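Below is one structure, written out as structure tokens; the observations come after it.
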Amino acid sequence: MMASLQWWQRGLVGLSLLVLVFLYVPIVILVMFSFNDSAVTSFPLSGFTLRWYQQFLANGQMLTALANSLIVATFATLVSVTVGVTAALALDRYSFSGKRLFSNAILLPLSLPGIVTGIAMLNFYKQIGIPQSLTAVVIGHATALLGVVVSQVMARLAKLNRRLLEASADLGATPFETFYRVVLPNIRASILGSALLCFTLSFDEIPVTYFLTGREVTLPIYIYSTLRRGITPEINAVGSVIVAVSFVLVVLSVTMLRDKPQSR
């Protein structure tokens with residue numbers, strides 16, 4: 001197939017492959033060093049070991065930070081999905097004054113740098129009396145990730161056959177029954193997919209977390225604070241675990257958001 005391409009097309013393919021190598025080779029090296037039987041992160045590798053994973057599991061502060069990350073990601077996902085699905089249904093079904101402004105306001109955090117969002121939220125929370133804590137981080141993450149849920153659910157709702165809603169109403173179904181039996185089965189994949197994506201983004205998020213967290217830090221902040229002493233094999237181990245979990249969640253979210261072929 002490459003032989004049938006013109007020279008500039010082959011050049012673009014080669015450039016794309018180089019970019020992918022540049023992006024993913026560091027991750028491969030990170031995983032390799034997490035199994036390297038040496039405290040020095042350099043080549044050549046000295047042997048295979050699992051002790052860095054054992055030290056990671058024995059590190060109380062790191063495990064506490066990991067638990068905080070899981071708590072924040074779970075509650076931020078629940079809030080963003082609950083509010084996001086409700087907002088998407090309102091935008092899809094009703095016409096009201098300021099609808100376009102409301103839609104843009106929800107999607108705006110997706111286009112803003114995380115550091116800008118973090119500073120803005122920190123200033124606002126100080127004005128209304130919300131202290132820096134994991135609760136503030138949950139609210140910040142949910143606000144920033146709300147657009148992910150809204151955009152994905154609205155994309156599904158746009159493909160929904162409106163005649164199904166009319167048929168459900170004609171058959172005497174209440175609005176709740178129509179939502180539960182007609183709307184929800186059609187948007188379930190987008191809800192689950194966006195929830196997994198929100199969980200992954202929240203778990204790995206640093207800029208917003210850095211400004212909103214207090215004494216209780218999340219795992220990315222803990223790792224960031226320990227980098228002053230250099231990258232240790234223990235950090236390589238926990239980084240490999242994060243890469244593996246994030247990869248699985250992203251694959252699941254992409255799979256759920258993919259359009260399934262309609263049976264004839």
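Simple scheme: letters A, B, ... for chains in structure tokens order, numbers from 1 for residues in each chain, numbers from 1 for ligands in the order shown.
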For this session: Excluding Gln61 of chain A and residues on its chain fewer than 4 positions from it, collect all residues at most 12 Å away from it, counting only C-alpha atoms, and give them as a count of residues only.
Result: 15
For this session: For segment 83-88 of chain A, please output as a list of chain:residue names all residues within 10 Å (counting only C-alpha atoms; exclusion window: fewer than 3 positions along the same chain).
Result: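 The residues satisfying every condition are A:Thr77, A:Leu78, A:Val79, A:Ser80, A:Leu91, A:Asp92, A:Arg93, A:Phe102, A:Ser103, A:Ile106, A:Ala142, A:Thr143, A:Leu145, A:Leu146, A:Gly147, A:Val148, A:Val149, A:Val150, A:Ser151, A:Gln152, A:Val153, A:Met154, A:Ala155, A:Arg156, A:Leu157, A:Ile187, A:Ser190, A:Ile191, A:Ser194.
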What does the file look like for those residues with N, CA and C atoms, as a PDB file, in the first residue's frame?
```pdb
ATOM      1  N   THR A  77     -16.539  12.356  39.160  1.00  0.00           N
ATOM      2  CA  THR A  77     -17.230  11.695  38.054  1.00  0.00           C
ATOM      3  C   THR A  77     -18.727  11.617  38.315  1.00  0.00           C
ATOM      4  N   LEU A  78     -19.114  11.255  39.534  1.00  0.00           N
ATOM      5  CA  LEU A  78     -20.535  11.169  39.871  1.00  0.00           C
ATOM      6  C   LEU A  78     -21.230  12.518  39.703  1.00  0.00           C
ATOM      7  N   VAL A  79     -20.573  13.586  40.193  1.00  0.00           N
ATOM      8  CA  VAL A  79     -21.174  14.918  40.095  1.00  0.00           C
ATOM      9  C   VAL A  79     -21.258  15.362  38.640  1.00  0.00           C
ATOM     10  N   SER A  80     -20.176  15.199  37.896  1.00  0.00           N
ATOM     11  CA  SER A  80     -20.166  15.659  36.509  1.00  0.00           C
ATOM     12  C   SER A  80     -21.157  14.883  35.650  1.00  0.00           C
ATOM     13  N   LEU A  91     -30.722  20.973  27.339  1.00  0.00           N
ATOM     14  CA  LEU A  91     -30.306  21.647  26.107  1.00  0.00           C
ATOM     15  C   LEU A  91     -30.916  20.983  24.873  1.00  0.00           C
ATOM     16  N   ASP A  92     -31.101  19.682  24.921  1.00  0.00           N
ATOM     17  CA  ASP A  92     -31.636  18.971  23.764  1.00  0.00           C
ATOM     18  C   ASP A  92     -33.140  19.112  23.633  1.00  0.00           C
ATOM     19  N   ARG A  93     -33.840  19.199  24.750  1.00  0.00           N
ATOM     20  CA  ARG A  93     -35.301  19.099  24.707  1.00  0.00           C
ATOM     21  C   ARG A  93     -36.017  20.438  24.788  1.00  0.00           C
ATOM     22  N   PHE A 102     -25.695  29.418  27.929  1.00  0.00           N
ATOM     23  CA  PHE A 102     -25.601  28.323  28.896  1.00  0.00           C
ATOM     24  C   PHE A 102     -24.750  27.184  28.344  1.00  0.00           C
ATOM     25  N   SER A 103     -24.959  26.837  27.080  1.00  0.00           N
ATOM     26  CA  SER A 103     -24.199  25.777  26.446  1.00  0.00           C
ATOM     27  C   SER A 103     -22.713  26.135  26.355  1.00  0.00           C
ATOM     28  N   ILE A 106     -20.924  25.925  29.737  1.00  0.00           N
ATOM     29  CA  ILE A 106     -20.619  24.556  30.165  1.00  0.00           C
ATOM     30  C   ILE A 106     -19.382  24.024  29.445  1.00  0.00           C
ATOM     31  N   ALA A 142     -15.209  18.454  38.842  1.00  0.00           N
ATOM     32  CA  ALA A 142     -16.541  18.261  38.258  1.00  0.00           C
ATOM     33  C   ALA A 142     -16.912  19.419  37.343  1.00  0.00           C
ATOM     34  N   THR A 143     -16.557  20.637  37.750  1.00  0.00           N
ATOM     35  CA  THR A 143     -16.844  21.803  36.914  1.00  0.00           C
ATOM     36  C   THR A 143     -16.051  21.755  35.615  1.00  0.00           C
ATOM     37  N   LEU A 145     -14.838  19.118  34.108  1.00  0.00           N
ATOM     38  CA  LEU A 145     -15.150  17.946  33.293  1.00  0.00           C
ATOM     39  C   LEU A 145     -16.600  17.884  32.852  1.00  0.00           C
ATOM     40  N   LEU A 146     -17.394  18.848  33.279  1.00  0.00           N
ATOM     41  CA  LEU A 146     -18.811  18.843  32.935  1.00  0.00           C
ATOM     42  C   LEU A 146     -19.022  18.867  31.422  1.00  0.00           C
ATOM     43  N   GLY A 147     -18.191  19.618  30.730  1.00  0.00           N
ATOM     44  CA  GLY A 147     -18.329  19.717  29.281  1.00  0.00           C
ATOM     45  C   GLY A 147     -18.104  18.397  28.568  1.00  0.00           C
ATOM     46  N   VAL A 148     -17.275  17.522  29.136  1.00  0.00           N
ATOM     47  CA  VAL A 148     -17.035  16.212  28.528  1.00  0.00           C
ATOM     48  C   VAL A 148     -18.333  15.410  28.475  1.00  0.00           C
ATOM     49  N   VAL A 149     -19.044  15.380  29.589  1.00  0.00           N
ATOM     50  CA  VAL A 149     -20.297  14.618  29.654  1.00  0.00           C
ATOM     51  C   VAL A 149     -21.355  15.249  28.750  1.00  0.00           C
ATOM     52  N   VAL A 150     -21.494  16.561  28.819  1.00  0.00           N
ATOM     53  CA  VAL A 150     -22.530  17.240  28.035  1.00  0.00           C
ATOM     54  C   VAL A 150     -22.311  17.028  26.536  1.00  0.00           C
ATOM     55  N   SER A 151     -21.084  17.194  26.077  1.00  0.00           N
ATOM     56  CA  SER A 151     -20.804  17.055  24.645  1.00  0.00           C
ATOM     57  C   SER A 151     -21.069  15.634  24.153  1.00  0.00           C
ATOM     58  N   GLN A 152     -20.686  14.629  24.941  1.00  0.00           N
ATOM     59  CA  GLN A 152     -20.877  13.246  24.517  1.00  0.00           C
ATOM     60  C   GLN A 152     -22.352  12.845  24.543  1.00  0.00           C
ATOM     61  N   VAL A 153     -23.065  13.234  25.588  1.00  0.00           N
ATOM     62  CA  VAL A 153     -24.478  12.865  25.692  1.00  0.00           C
ATOM     63  C   VAL A 153     -25.307  13.596  24.638  1.00  0.00           C
ATOM     64  N   MET A 154     -24.995  14.866  24.391  1.00  0.00           N
ATOM     65  CA  MET A 154     -25.735  15.609  23.365  1.00  0.00           C
ATOM     66  C   MET A 154     -25.500  15.026  21.982  1.00  0.00           C
ATOM     67  N   ALA A 155     -24.297  14.526  21.722  1.00  0.00           N
ATOM     68  CA  ALA A 155     -24.029  13.885  20.439  1.00  0.00           C
ATOM     69  C   ALA A 155     -24.902  12.645  20.258  1.00  0.00           C
ATOM     70  N   ARG A 156     -25.123  11.904  21.321  1.00  0.00           N
ATOM     71  CA  ARG A 156     -26.004  10.740  21.244  1.00  0.00           C
ATOM     72  C   ARG A 156     -27.461  11.147  21.099  1.00  0.00           C
ATOM     73  N   LEU A 157     -27.856  12.161  21.843  1.00  0.00           N
ATOM     74  CA  LEU A 157     -29.250  12.608  21.768  1.00  0.00           C
ATOM     75  C   LEU A 157     -29.593  13.130  20.373  1.00  0.00           C
ATOM     76  N   ILE A 187     -28.643   6.388  25.311  1.00  0.00           N
ATOM     77  CA  ILE A 187     -27.513   7.224  25.722  1.00  0.00           C
ATOM     78  C   ILE A 187     -26.654   6.546  26.782  1.00  0.00           C
ATOM     79  N   SER A 190     -22.899   6.416  25.967  1.00  0.00           N
ATOM     80  CA  SER A 190     -22.215   7.704  26.070  1.00  0.00           C
ATOM     81  C   SER A 190     -22.031   8.112  27.531  1.00  0.00           C
ATOM     82  N   ILE A 191     -22.986   7.768  28.389  1.00  0.00           N
ATOM     83  CA  ILE A 191     -22.851   8.082  29.817  1.00  0.00           C
ATOM     84  C   ILE A 191     -21.699   7.300  30.428  1.00  0.00           C
ATOM     85  N   SER A 194     -18.259   8.516  28.837  1.00  0.00           N
ATOM     86  CA  SER A 194     -17.822   9.812  29.355  1.00  0.00           C
ATOM     87  C   SER A 194     -17.471   9.726  30.835  1.00  0.00           C
TER      88      SER A 194
END
```
With a distance cut-off of 10 Å and only C-alpha atoms, select the neighbouring residues of Glu205 of chain A, excluding the residue or stretch itself and same-chain residues fewer than 2 positions from it, and output the selection as a tab-separated table (two decimals) with C-alpha atoms, in the first residue's frame.
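Everything below was put into selection16.tsv:
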```tsv
chain	number	residue	atom	x	y	z
A	69	SER	CA	-7.03	10.43	44.04
A	73	ALA	CA	-12.02	10.98	40.81
A	114	GLY	CA	-5.92	24.11	33.63
A	141	HIS	CA	-12.80	18.72	38.75
A	199	PHE	CA	-12.49	9.42	35.94
A	200	THR	CA	-9.23	9.12	34.02
A	201	LEU	CA	-8.87	12.87	33.51
A	202	SER	CA	-9.70	13.61	37.14
A	203	PHE	CA	-7.29	11.00	38.46
A	207	PRO	CA	-3.12	22.18	37.61
A	208	VAL	CA	-6.59	22.53	39.13
A	209	THR	CA	-5.72	20.15	41.97
A	210	TYR	CA	-2.54	22.06	42.80
A	218	THR	CA	-3.62	13.47	45.52
A	219	LEU	CA	-1.19	11.05	43.92
A	220	PRO	CA	-0.15	13.30	40.98
A	221	ILE	CA	0.59	16.15	43.42
```
Exercise. Looking at only C-alpha atoms, which of A:Leu196, A:Leu227, A:Leu212, A:Leu63 is the one that sits closest to Thr135 of chain A?
Worked result: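 Smallest distance to Thr135 of chain A is found for A:Leu212.
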Problem set entry | Contact residues around segment 43-48 of chain A with only C-alpha atoms at 12 Å, ignoring same-chain residues under 2 positions, as a ChimeraX atom specification | /A:29-41,50-53
With C-alpha atoms kept, could you save the residues just selected as a JSON list (two decimals), in the first residue's frame?
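File part_8.json, as written:
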```json
[["chain", "number", "residue", "atom", "x", "y", "z"],
["A", 29, "ILE", "CA", 11.08, 3.25, 29.07],
["A", 30, "LEU", "CA", 9.20, 4.21, 32.25],
["A", 31, "VAL", "CA", 7.72, 0.71, 32.49],
["A", 32, "MET", "CA", 11.10, -0.89, 31.77],
["A", 33, "PHE", "CA", 12.81, 1.07, 34.57],
["A", 34, "SER", "CA", 10.06, 0.09, 37.02],
["A", 35, "PHE", "CA", 11.27, -3.52, 36.67],
["A", 36, "ASN", "CA", 14.97, -2.66, 36.62],
["A", 37, "ASP", "CA", 17.00, -4.10, 39.51],
["A", 38, "SER", "CA", 18.89, -0.84, 40.09],
["A", 39, "ALA", "CA", 18.11, 2.39, 41.90],
["A", 40, "VAL", "CA", 19.78, 4.33, 39.06],
["A", 41, "THR", "CA", 17.40, 5.04, 36.19],
["A", 50, "LEU", "CA", 9.47, -6.42, 41.58],
["A", 51, "ARG", "CA", 10.83, -4.74, 44.70],
["A", 52, "TRP", "CA", 9.97, -1.23, 43.52],
["A", 53, "TYR", "CA", 6.32, -2.26, 43.36]]
```
Exercise. Pick the closest to Leu110 of chain A from A:Ile242, A:Ala173, A:Ala144, A:Gln6: which is it, counting only C-alpha atoms?
Worked result: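 Among the listed residues, A:Ala144 lies closest to Leu110 of chain A.
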For this session: Grab the atom CA of Ile231 of chain A to atom CA of Leu20 of chain A distance for me, in Å with one decimal place.
Result: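 So the two atoms, atom CA of Ile231 of chain A and atom CA of Leu20 of chain A, lie 23.7 Å apart.
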